[in-house]
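Heads up: the structure comes next, in structure tokens.
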Amino acid sequence: MKKSTPPAVQVASNGVRHSNPWAHDNLVNAAQTMDAITAGEVDAFVVSKDPSSARVLTLSDADRPYRMFVENMREGAATVSSDGFILYANWRLAELASRTRESLIGSSLTGLVAGGAAVEEQLLWLGSGSGGSTFEIDLVAGNGVSVPVLIGVSKLELDGDVLTCLTFTDLSAQKAQDRIIARLSHSQGEQLVELQDAQASLTRQATHDGLTGLANRALLIDRINQSLWQAQRSEHLTAVIYVDLDCFKEVNDSHGHAAGDQVLRWVAGRLTALVRPMDTVARLGGDEFAILLPDIDSRVHAVDIGLRIVAELRRSREPLVGGERISASVGVAVSVSGGGSAETLLHEADTAMYKAKTHGGDRAEAFDADLGREVEARTAARHALQSALAEGRIGLRFQPIIDLTDLHLAGFEALVRIEALDGEVVLPSAFISVAEDSGLIIPLGTEVLRLACRQASSWRSVEGGPRLTVAINLSARQFEPGDLVSLVQHEIDDNGVDPTCVHFELTETAIINLRPDVIEQLGRLREYGVELGLDDFGTGYASLTHLRRLPVTFVKIDRSFVQGLGCNREDDRIVASMVDLAFSLGLRSIGEGVETIPQLERLREFGCDQAQGYLFAQPLAARDVSAAINRTDWRDCWNSG
Ligand code: C2E
Ligand code: MG
Ligand code: MG
């Protein structure tokens with residue numbers, strides 16, 4: 001690192017600013033400054049390499065106790081500029097280094113630490129990252145003696161300047177004790193060794209996980225930081241692999257915590273066996289593990305190890321939990337030329353792991369810039385949804401559902417929208433999956449239910465009007481709080497809506513893993529009178545089983561099949577057999593996404609009961625719904641166009 005001239009320090013004492021730049025040749029001011037700092041008189045001081053741009057930071061009365069705390073603490077403390085000059089040193093550091101504070105402040109860190117420029121560079125590098133780090137070094141005291149210290153490094157950002165904060169704990173006494181032990185008689189030595197072992201075990205507890213014996217998060221972070229620093233000087237890359245077990249909660253719930261602990265120990269053993277001795281395997285807590293590969297030659301290599309971990313855990317059966325299979329979601333992140341911090345790398349690996357989890361687990365994903373952007377976009381979508389919920393900007397559109405026997409209006413599907421602040425309307429594709437993941441789908445679903453029932457109530461009041469149904473999409477997560485049935489009853493009863501006019505659509509994929517208590521809630525909903533159906537029918541893979549097991553009354557044939565009708569004979573056959581299947585099970589069939597007349601004709605030919613799609617109408621704003629209700633002939637839709 002290139003050295004520049006020492007920074008200028010401006011000092012204001014008793015409210016009066018001394019503008020003398022403090023440099024090598026101006027030690028008189030350094031002494032004055034010291035007096036002012038010590039007496040607690042300094043109101044402000046700030047550092048800059050360029051005196052003309054030096055800024056003055058005012059120390060408020062509230063901040064004064066904190067400065068006095070640093071002044072008087074037992075450890076040495078210093079702040080260092082990004083180019084290695086000591087900007088501040090407390091009394092204790094001066095004492096440890098057997099120097100005056102005047103000589104320390106403004107001097108280069110190189111002169112204070114043994115190992116010179118290389119160690120200084122490492123300290124500054126660690127200080128520029130976000131994670132704290134500690135290790136042992138020797139101070140070069142003014143009297144020529146080396147003083148062993150434990151140095152703590154952290155970053156301080158001050159209005160755009162990045163400073164390194166150092167603390168120094170004196171290790172002289174401990175080192176002296178070590179030397180005495182080395183000279184003691186055999187039995188005395190043994191006793192002291194036992195004592196030392198006890199101390200070592202305490203240290204180990206602070207850096208290792210008690211259950212598995214693996215490194216803990218603090219030690220892992222420390223090692224990642226060291227590796228990143230070393231990687232700056234070599235061609236090698238640093239990789240972090242995040243491992244999260246799939247369904248570990250189920251193991252704990254069904255086999256007890258002792259079995260769960262055994263699984264964790266077993267996984268720890270498998271992971272350790274899969275990597276090299278130089279790699280660090282850590283348990284971060286719960287069923288989360290992370291592995292540091294400090295020295296790999298390519299990104300592909302890191303991903304390969306991630307894949308091996310997935311395959312190994314999948315292949316092995318945990319013998320202690322009744323042969324239950326263990327699998328994991330694995331995320332891989334690799335640092336480019338040692339850039340970034342331990343926290344960033346770990347976060348990226350965690351993000352990639354999360355992606356693996358959302359794709360069903362039992363797989364590995366690598367972090368890349370696209371994934372980073374995706375995470376940012378999802379975070380933004382979550383915030384937008386949160387504020388829309390808080391500010392009442394959730395709206396509904398209503399898409400007509402047409403009965404195919406005589407083309408009359410049967411009802412509407414309620415489709416949620418966010419009314420953005422700029423007047424734009426945000427479609428569900430931008431926020432439903434984020435809402436599902438974050439749990440916001442629960443309050444969102446409640447709001448949709450409320451708005452839909454209110455709307456359905458207004459249709460009911462149209463004098464002599466038709467009996468119209470409202471279809472509401474339901475997420476499987478809305479069953480989690482356990483009060484969905486009473487919530488539904490409350491909204492329907494309050495709005496005076498006929499329960500049989502309210503239809504709930506559950507996506508086929510959402511119901512594949514339904515728990516017994518959810519099936520029970522579905523049963524109670526059905527008993528209350530509302531109808532239940534499967535949305536996007538044909539896109540899941542357990543259709544028949546679910547059709548038989550669930551109290552459903554209709555299926556909505558997915559748009560992707562309807563689209564091919566009239567031009568793809570295979571789709572014709574598939575849709576025809578879906579309609580037949582529904583009919584034979586006593587279920588109503590609805591074709592969705594009908595855009596063309598041939599699609600409509602095929603559906604009618606196959607005996608499909610109802611249809612919805614742009615051919616009839618787009619989802620309509622509430623104000624346009626009454627025009628749709630009053631429409632007598634839906635053939636107008638295409639005849640007029
Ligand atoms: P879905 O329930 O299958 O809704 C049908 C989607 O297809 C709607 O998109 C609708 O606008 C669109 N669509 C209808 N006819 C046509 C057509 O002829 N052509 C084409 N290309 N598209 C058509 P939308 O409103 O964007 O909703 C998308 C999905 O978001 C819905 O699919 C549903 O899964 C989900 N969703 C919407 N509202 C809610 C809600 O309140 N709660 C939950 N949990 N999910 C919702
Ligand atoms: Mg739907
Ligand atoms: Mg659908």
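We name chains A, B, ... following the order of the structure tokens; residues begin at 1 in each chain, and ligands are numbered from 1 as shown.
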Task: Neighbour list for A:Thr280 as JSON, numbers by chain, cut-off 7 Å, only C-alpha atoms, skip fewer than 5 positions in-chain - done: {"A": [291, 292, 293]}
Task: Neighbourhood of ligand 2 at 12 Å, counting only C-alpha atoms and all ligand atoms, reported as a VMD selection string - done: chain A and resid 398 to 399 401 412 to 416 428 470 to 475 503 to 508 532 to 537 554 to 559 590 to 593 612 to 613 619
Task: Filtered DSSP result for stretch 87-300 of chain A, state strand (DSSP E), as an MDAnalysis selection string - done: chainID A and resid 87:89 133:140 146:158 161:170 237:246 280:285 288:296
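For the pair atom CA of A:Ser107 and atom CA of A:Leu87, the separation is 8.2 Å.
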Open item on the list: Which residues are near A:Val300? Cut-off 12 Å, only C-alpha atoms, ignore same chain within fewer than 2 positions. Put them as a list of chain:residue names.
Closed with: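 So, after excluding close chain neighbours, the residues are A:Leu237, A:Ala239, A:Ile296, A:Asp297, A:Ser298, A:Ala302, A:Val303, A:Asp304, A:Ile305, A:Gly306, A:Leu307, A:Val332, A:Ala333, A:Val334, A:Glu365, A:Ala366, A:Phe367.
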Task: Pick from A:Arg101, A:Lys155, A:Arg314, A:Arg283, whichever lies nearest to A:Ala218 using only C-alpha atoms - done: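 Smallest separation from A:Ala218 among the options: A:Arg283.
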TODO: Do a neighbour search on stretch 177-184 of chain A at 10 Å with only C-alpha atoms, toss out local chain neighbours closer than 6 positions, and write the hits as a VMD selection string.
DONE: chain A and resid 190 to 193 196
Open item on the list: Which residue is closest to ligand 1? Choose from A:Val575, A:Val497, A:Leu214, A:Ile418 and count only C-alpha atoms and all ligand atoms.
Closed with: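 The closest residue to ligand 1 is A:Ile418.
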Open item on the list: Using only C-alpha atoms, can you tell me which of A:Val113, A:Leu404, A:Val518, A:Ala476 comes closest to A:Asp609?
Closed with: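 Checking each candidate against A:Asp609, we get A:Leu404 as the closest.
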Open item on the list: as a PyMOL selection string, please: the residues near stretch 373-390 of chain A (cut-off 7 Å, only C-alpha atoms, same-chain neighbours under 6 positions excluded).
Closed with: chain A and resi 418+430-431+434-435
Task: Top pick for closest residue to A:Phe289, considering A:Val426, A:Val140, A:Leu313, A:Ile241 and counting only C-alpha atoms - done: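 Answer, going by the shortest atom-to-atom distance: A:Ile241.
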Task: Test item: residues at most 10 Å from A:Arg74, only C-alpha atoms, excluding those fewer than 5 positions along its chain, as a list of chain:residue names - done: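 So, after excluding close chain neighbours, the residues are A:Phe69, A:Asn90, A:Trp91, A:Arg92, A:Leu93, A:Thr167, A:Phe168, A:Thr169, A:Asp170.
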Task: Near-A:Leu139 list (6 Å; only C-alpha atoms; drop same-chain fewer than 3 positions) as a PyMOL selection string - done: chain A and resi 112-114+146-147
Next, write the just-selected residues to a file, as an mmCIF file, in the first residue's frame, keeping N, CA, C and O atoms as the atom set.
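Result written to selection.cif:
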```cif
data_model
loop_
_atom_site.group_PDB
_atom_site.id
_atom_site.type_symbol
_atom_site.label_atom_id
_atom_site.label_comp_id
_atom_site.auth_asym_id
_atom_site.auth_seq_id
_atom_site.Cartn_x
_atom_site.Cartn_y
_atom_site.Cartn_z
ATOM 1 N N LEU A 112 4.474 0.359 15.002
ATOM 2 C CA LEU A 112 3.936 -0.127 16.280
ATOM 3 C C LEU A 112 3.803 -1.647 16.329
ATOM 4 O O LEU A 112 3.886 -2.256 17.383
ATOM 5 N N VAL A 113 3.596 -2.283 15.167
ATOM 6 C CA VAL A 113 3.359 -3.729 15.178
ATOM 7 C C VAL A 113 4.548 -4.488 14.599
ATOM 8 O O VAL A 113 5.137 -4.056 13.604
ATOM 9 N N ALA A 114 4.889 -5.603 15.241
ATOM 10 C CA ALA A 114 5.972 -6.443 14.707
ATOM 11 C C ALA A 114 5.473 -7.041 13.392
ATOM 12 O O ALA A 114 4.286 -7.311 13.243
ATOM 13 N N SER A 146 9.341 -6.475 22.944
ATOM 14 C CA SER A 146 8.127 -6.925 22.245
ATOM 15 C C SER A 146 7.037 -7.218 23.271
ATOM 16 O O SER A 146 7.301 -7.902 24.264
ATOM 17 N N VAL A 147 5.857 -6.748 23.046
ATOM 18 C CA VAL A 147 4.749 -7.014 23.976
ATOM 19 C C VAL A 147 3.690 -7.839 23.237
ATOM 20 O O VAL A 147 3.093 -7.356 22.268
#
```
